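K.L.:
See upload-v7.csv below, with CSV, C-alpha atoms.
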```
chain,number,residue,atom,x,y,z
A,147,MET,CA,-86.3,-6.8,81.2
A,148,THR,CA,-83.5,-4.5,79.9
A,149,TYR,CA,-80.6,-4.2,77.6
A,150,VAL,CA,-77.3,-6.0,78.2
A,151,ILE,CA,-73.8,-5.2,77.0
A,152,ALA,CA,-71.8,-8.3,76.1
A,153,GLN,CA,-68.3,-9.4,75.4
A,154,PRO,CA,-67.6,-7.3,72.3
A,155,CYS,CA,-67.4,-4.3,74.6
A,156,VAL,CA,-64.6,-5.7,76.7
A,157,ASP,CA,-61.5,-3.6,76.4
A,158,VAL,CA,-63.2,-1.4,73.8
A,159,LYS,CA,-65.5,0.9,75.8
A,160,ASP,CA,-66.3,3.2,72.8
A,161,ARG,CA,-68.8,5.2,74.9
A,162,ALA,CA,-71.1,6.2,72.0
A,163,CYS,CA,-73.9,4.6,73.9
A,164,LEU,CA,-73.4,6.9,76.9
A,165,GLU,CA,-74.2,9.9,74.8
A,166,GLU,CA,-77.4,8.4,73.5
A,167,CYS,CA,-78.8,7.1,76.8
A,168,PRO,CA,-81.6,9.5,78.0
A,169,VAL,CA,-81.6,8.2,81.6
A,170,ASP,CA,-77.8,8.0,82.3
A,171,CYS,CA,-78.0,4.3,83.1
A,172,ILE,CA,-74.8,3.1,81.4
A,173,TYR,CA,-71.9,2.8,83.9
A,174,GLU,CA,-68.2,2.3,83.2
A,175,GLY,CA,-66.3,-0.5,84.7
A,176,GLU,CA,-62.6,-1.2,84.5
A,177,ARG,CA,-62.8,-3.2,81.2
A,178,MET,CA,-66.3,-2.6,79.8
A,179,LEU,CA,-69.6,-0.7,80.2
A,180,TYR,CA,-72.7,-2.0,82.0
A,181,ILE,CA,-76.4,-1.1,81.7
A,182,HIS,CA,-78.2,-0.8,85.1
A,183,PRO,CA,-81.1,-3.3,84.9
A,184,GLN,CA,-83.4,-1.2,87.2
A,185,GLU,CA,-82.5,2.2,85.7
A,186,CYS,CA,-82.8,1.3,82.0
A,187,VAL,CA,-86.2,2.3,80.5
A,188,ASP,CA,-85.8,-0.1,77.5
A,189,CYS,CA,-85.8,2.8,75.0
A,190,GLY,CA,-83.1,1.0,72.8
A,191,ALA,CA,-81.3,4.2,71.9
A,192,CYS,CA,-77.9,2.7,72.9
A,193,GLU,CA,-78.1,-0.4,70.7
A,194,PRO,CA,-77.8,1.1,67.1
A,195,VAL,CA,-74.9,3.4,68.0
A,196,CYS,CA,-72.6,0.6,69.4
A,197,PRO,CA,-69.8,0.2,66.9
A,198,VAL,CA,-69.0,-3.3,68.0
A,199,GLU,CA,-72.6,-4.5,68.2
A,200,ALA,CA,-72.3,-5.5,71.9
A,201,ILE,CA,-75.7,-4.3,73.1
A,202,PHE,CA,-78.7,-6.7,73.0
A,203,TYR,CA,-82.2,-6.8,74.5
A,204,SER,CA,-81.9,-9.2,77.4
A,205,GLU,CA,-84.0,-11.9,75.7
A,206,ASP,CA,-81.9,-11.6,72.5
A,207,VAL,CA,-78.4,-12.0,74.0
A,208,PRO,CA,-76.6,-14.7,71.9
A,209,PRO,CA,-76.2,-17.9,73.8
A,210,GLU,CA,-72.4,-17.6,73.9
A,211,TRP,CA,-72.7,-14.3,75.8
A,212,ALA,CA,-75.6,-15.2,78.0
A,213,ALA,CA,-73.4,-15.0,81.1
A,214,PHE,CA,-73.0,-11.3,80.6
A,215,THR,CA,-76.6,-10.8,81.7
A,216,THR,CA,-75.6,-12.2,85.1
A,217,ALA,CA,-72.3,-10.3,85.1
A,218,SER,CA,-74.2,-7.1,84.5
A,219,GLU,CA,-76.4,-7.8,87.5
A,220,ASP,CA,-73.3,-8.7,89.6
A,221,PHE,CA,-71.7,-5.4,88.7
A,222,PHE,CA,-74.5,-3.6,90.4
A,223,THR,CA,-74.8,-5.8,93.5
A,224,THR,CA,-72.3,-3.7,95.4
A,225,LEU,CA,-72.9,-0.4,93.6
A,226,GLY,CA,-76.6,-0.5,94.1
A,227,SER,CA,-78.7,2.1,92.2
A,228,PRO,CA,-77.0,5.4,92.4
A,229,GLY,CA,-79.5,7.0,90.0
A,230,GLY,CA,-77.2,8.0,87.2
A,231,ALA,CA,-73.8,7.0,85.9
A,232,SER,CA,-72.5,10.6,85.4
A,233,GLY,CA,-72.5,11.1,89.2
A,234,THR,CA,-70.4,8.0,89.9
A,235,GLY,CA,-67.7,8.2,87.2
A,236,PRO,CA,-65.7,5.1,86.2
A,237,ILE,CA,-65.8,2.2,88.7
A,238,SER,CA,-62.4,0.5,89.0
A,239,ALA,CA,-63.9,-3.0,89.1
A,240,ASP,CA,-65.6,-5.6,87.0
A,241,PRO,CA,-67.4,-8.9,87.9
A,242,PRO,CA,-65.2,-12.0,87.8
A,243,LEU,CA,-66.4,-13.1,84.4
A,244,VAL,CA,-65.1,-9.9,82.9
A,245,ALA,CA,-62.1,-9.4,85.1
A,246,GLU,CA,-60.8,-12.9,84.4
A,247,LEU,CA,-61.0,-12.7,80.6
A,248,PRO,CA,-57.6,-12.7,78.9
A,249,PRO,CA,-56.3,-9.3,77.7
A,250,PRO,CA,-56.8,-8.6,74.0
A,251,ALA,CA,-54.3,-9.9,71.5
A,252,LEU,CA,-52.2,-7.2,70.0
```
Written as structure tokens, that's how I'd like the structure from this file.

P.N.:
Amino acid sequence: MTYVIAQPCVDVKDRACLEECPVDCIYEGERMLYIHPQECVDCGACEPVCPVEAIFYSEDVPPEWAAFTTASEDFFTTLGSPGGASGTGPISADPPLVAELPPPAL
């Protein structure tokens, strides 16, 4: 499978994982980051650098965040496989699951 970024990343987007990814498969949405399931080579370099522990191997996503696996796939339905995040820049969209989450409490 691949790695998945879950809810702890929403409205945080630290981006440390972007610097560690050797294949440039982590894309930036409006409110969070997404790992492209077809471009990811399962190296795991992104997981230990995430300061909010939002990155999981797909089979290890906690049950309360399981829907983020589908949300990640949905993010790429329209985008397709551009072959690298650096060439696309931030995407001003998120799948409904993420877009409809309440804003963070201040």

K.L.:
Select, from A:Asp160, A:Glu205, A:Asp220, A:Glu199, the residue with the minimum atom-to-atom distance to A:Leu179, counting all atoms listed in the file.

P.N.:
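For A:Leu179, the nearest of the given residues is A:Asp160.
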
K.L.:
A:Gly235, A:Pro249, A:Gly226, A:Gly190: which is nearest A:Pro168, counting only C-alpha atoms?

P.N.:
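Checking each of A:Gly235, A:Pro249, A:Gly226, A:Gly190 against A:Pro168, counting only C-alpha atoms, the winner is A:Gly190.
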
K.L.:
Within 12 Å of (-71.6, -1.4, 65.6), all atoms listed in the file: residues as a PDB file with C-alpha atoms, in the frame of the given file?

P.N.:
```pdb
ATOM      1  CA  PRO A 154     -67.600  -7.300  72.300  1.00  0.00           C
ATOM      2  CA  CYS A 155     -67.400  -4.300  74.600  1.00  0.00           C
ATOM      3  CA  VAL A 158     -63.200  -1.400  73.800  1.00  0.00           C
ATOM      4  CA  ASP A 160     -66.300   3.200  72.800  1.00  0.00           C
ATOM      5  CA  ARG A 161     -68.800   5.200  74.900  1.00  0.00           C
ATOM      6  CA  ALA A 162     -71.100   6.200  72.000  1.00  0.00           C
ATOM      7  CA  CYS A 163     -73.900   4.600  73.900  1.00  0.00           C
ATOM      8  CA  CYS A 192     -77.900   2.700  72.900  1.00  0.00           C
ATOM      9  CA  GLU A 193     -78.100  -0.400  70.700  1.00  0.00           C
ATOM     10  CA  PRO A 194     -77.800   1.100  67.100  1.00  0.00           C
ATOM     11  CA  VAL A 195     -74.900   3.400  68.000  1.00  0.00           C
ATOM     12  CA  CYS A 196     -72.600   0.600  69.400  1.00  0.00           C
ATOM     13  CA  PRO A 197     -69.800   0.200  66.900  1.00  0.00           C
ATOM     14  CA  VAL A 198     -69.000  -3.300  68.000  1.00  0.00           C
ATOM     15  CA  GLU A 199     -72.600  -4.500  68.200  1.00  0.00           C
ATOM     16  CA  ALA A 200     -72.300  -5.500  71.900  1.00  0.00           C
ATOM     17  CA  ILE A 201     -75.700  -4.300  73.100  1.00  0.00           C
ATOM     18  CA  PHE A 202     -78.700  -6.700  73.000  1.00  0.00           C
TER      19      PHE A 202
END
```

K.L.:
Mind pulling up the distance from atom CA of A:Phe222 to atom CA of A:Tyr203?

P.N.:
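Computing the Euclidean distance for atom CA of A:Tyr203 and atom CA of A:Phe222 yields 18.0 Å.
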
K.L.:
Need the shell around A:His182: protein/DNA/RNA residues with any atom at most 7 Å away, counting only C-alpha atoms. Skip same-chain ones fewer than 4 positions apart. Format as a list of chain:residue names?

P.N.:
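Everything that qualifies: A:Cys171, A:Ile172, A:Cys186.
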
K.L.:
What separation in Å, quoted to one decimal, exists between atom CA of A:Pro228 and atom CA of A:Gly175?

P.N.:
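Computing the Euclidean distance for atom CA of A:Pro228 and atom CA of A:Gly175 yields 14.4 Å.
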
K.L.:
Skip A:Cys189 itself and residues of its chain fewer than 5 positions away, then list as a short mmCIF file (atom, residue, chain, number, x, y, z; two decimals) with C-alpha atoms, in the frame of the given file all residues within 10 Å of it, counting all atoms listed in the file.

P.N.:
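Now in result29.cif:
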```
data_model
loop_
_atom_site.label_atom_id
_atom_site.label_comp_id
_atom_site.auth_asym_id
_atom_site.auth_seq_id
_atom_site.Cartn_x
_atom_site.Cartn_y
_atom_site.Cartn_z
CA THR A 148 -83.50 -4.50 79.90
CA TYR A 149 -80.60 -4.20 77.60
CA CYS A 167 -78.80 7.10 76.80
CA PRO A 168 -81.60 9.50 78.00
CA VAL A 169 -81.60 8.20 81.60
#
```

K.L.:
Rounded to one decimal place, report the atom CA of A:Asp157-atom CA of A:Asp240 distance in Å.

P.N.:
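Going from atom CA of A:Asp157 over to atom CA of A:Asp240 covers 11.5 Å.
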
K.L.:
When you count only C-alpha atoms, which of these residues is closest to A:Thr215: A:Val187, A:Val150, A:Pro236, A:Met178?

P.N.:
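Of A:Val187, A:Val150, A:Pro236, A:Met178, the one nearest A:Thr215, counting only C-alpha atoms, is A:Val150.
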
K.L.:
Between A:Tyr180, A:Ala152, A:Ala245, A:Ala231, which has the minimum distance to A:Ala213 (counting all atoms listed in the file)?

P.N.:
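Among the listed residues, A:Ala152 lies closest to A:Ala213.
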
K.L.:
Residues at most 8 Å from A:Ala217, counting only C-alpha atoms, excluding those fewer than 4 positions away in the same chain, as number ranges by chain?

P.N.:
A: 213, 221, 241-244

K.L.:
Between A:Ala212, A:Leu247, A:Ile151, A:Val207, which residue has the minimum interatomic distance to A:Ile181, considering only C-alpha atoms?

P.N.:
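Closest to A:Ile181 of all the choices is A:Ile151.
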
K.L.:
Given the choices A:Ser238, A:Ser204, A:Ser232, A:Ser218, which gets closest to A:Asp188 if the distance is worked out from only C-alpha atoms?

P.N.:
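Among A:Ser238, A:Ser204, A:Ser232, A:Ser218, it is A:Ser204 that comes nearest to A:Asp188.
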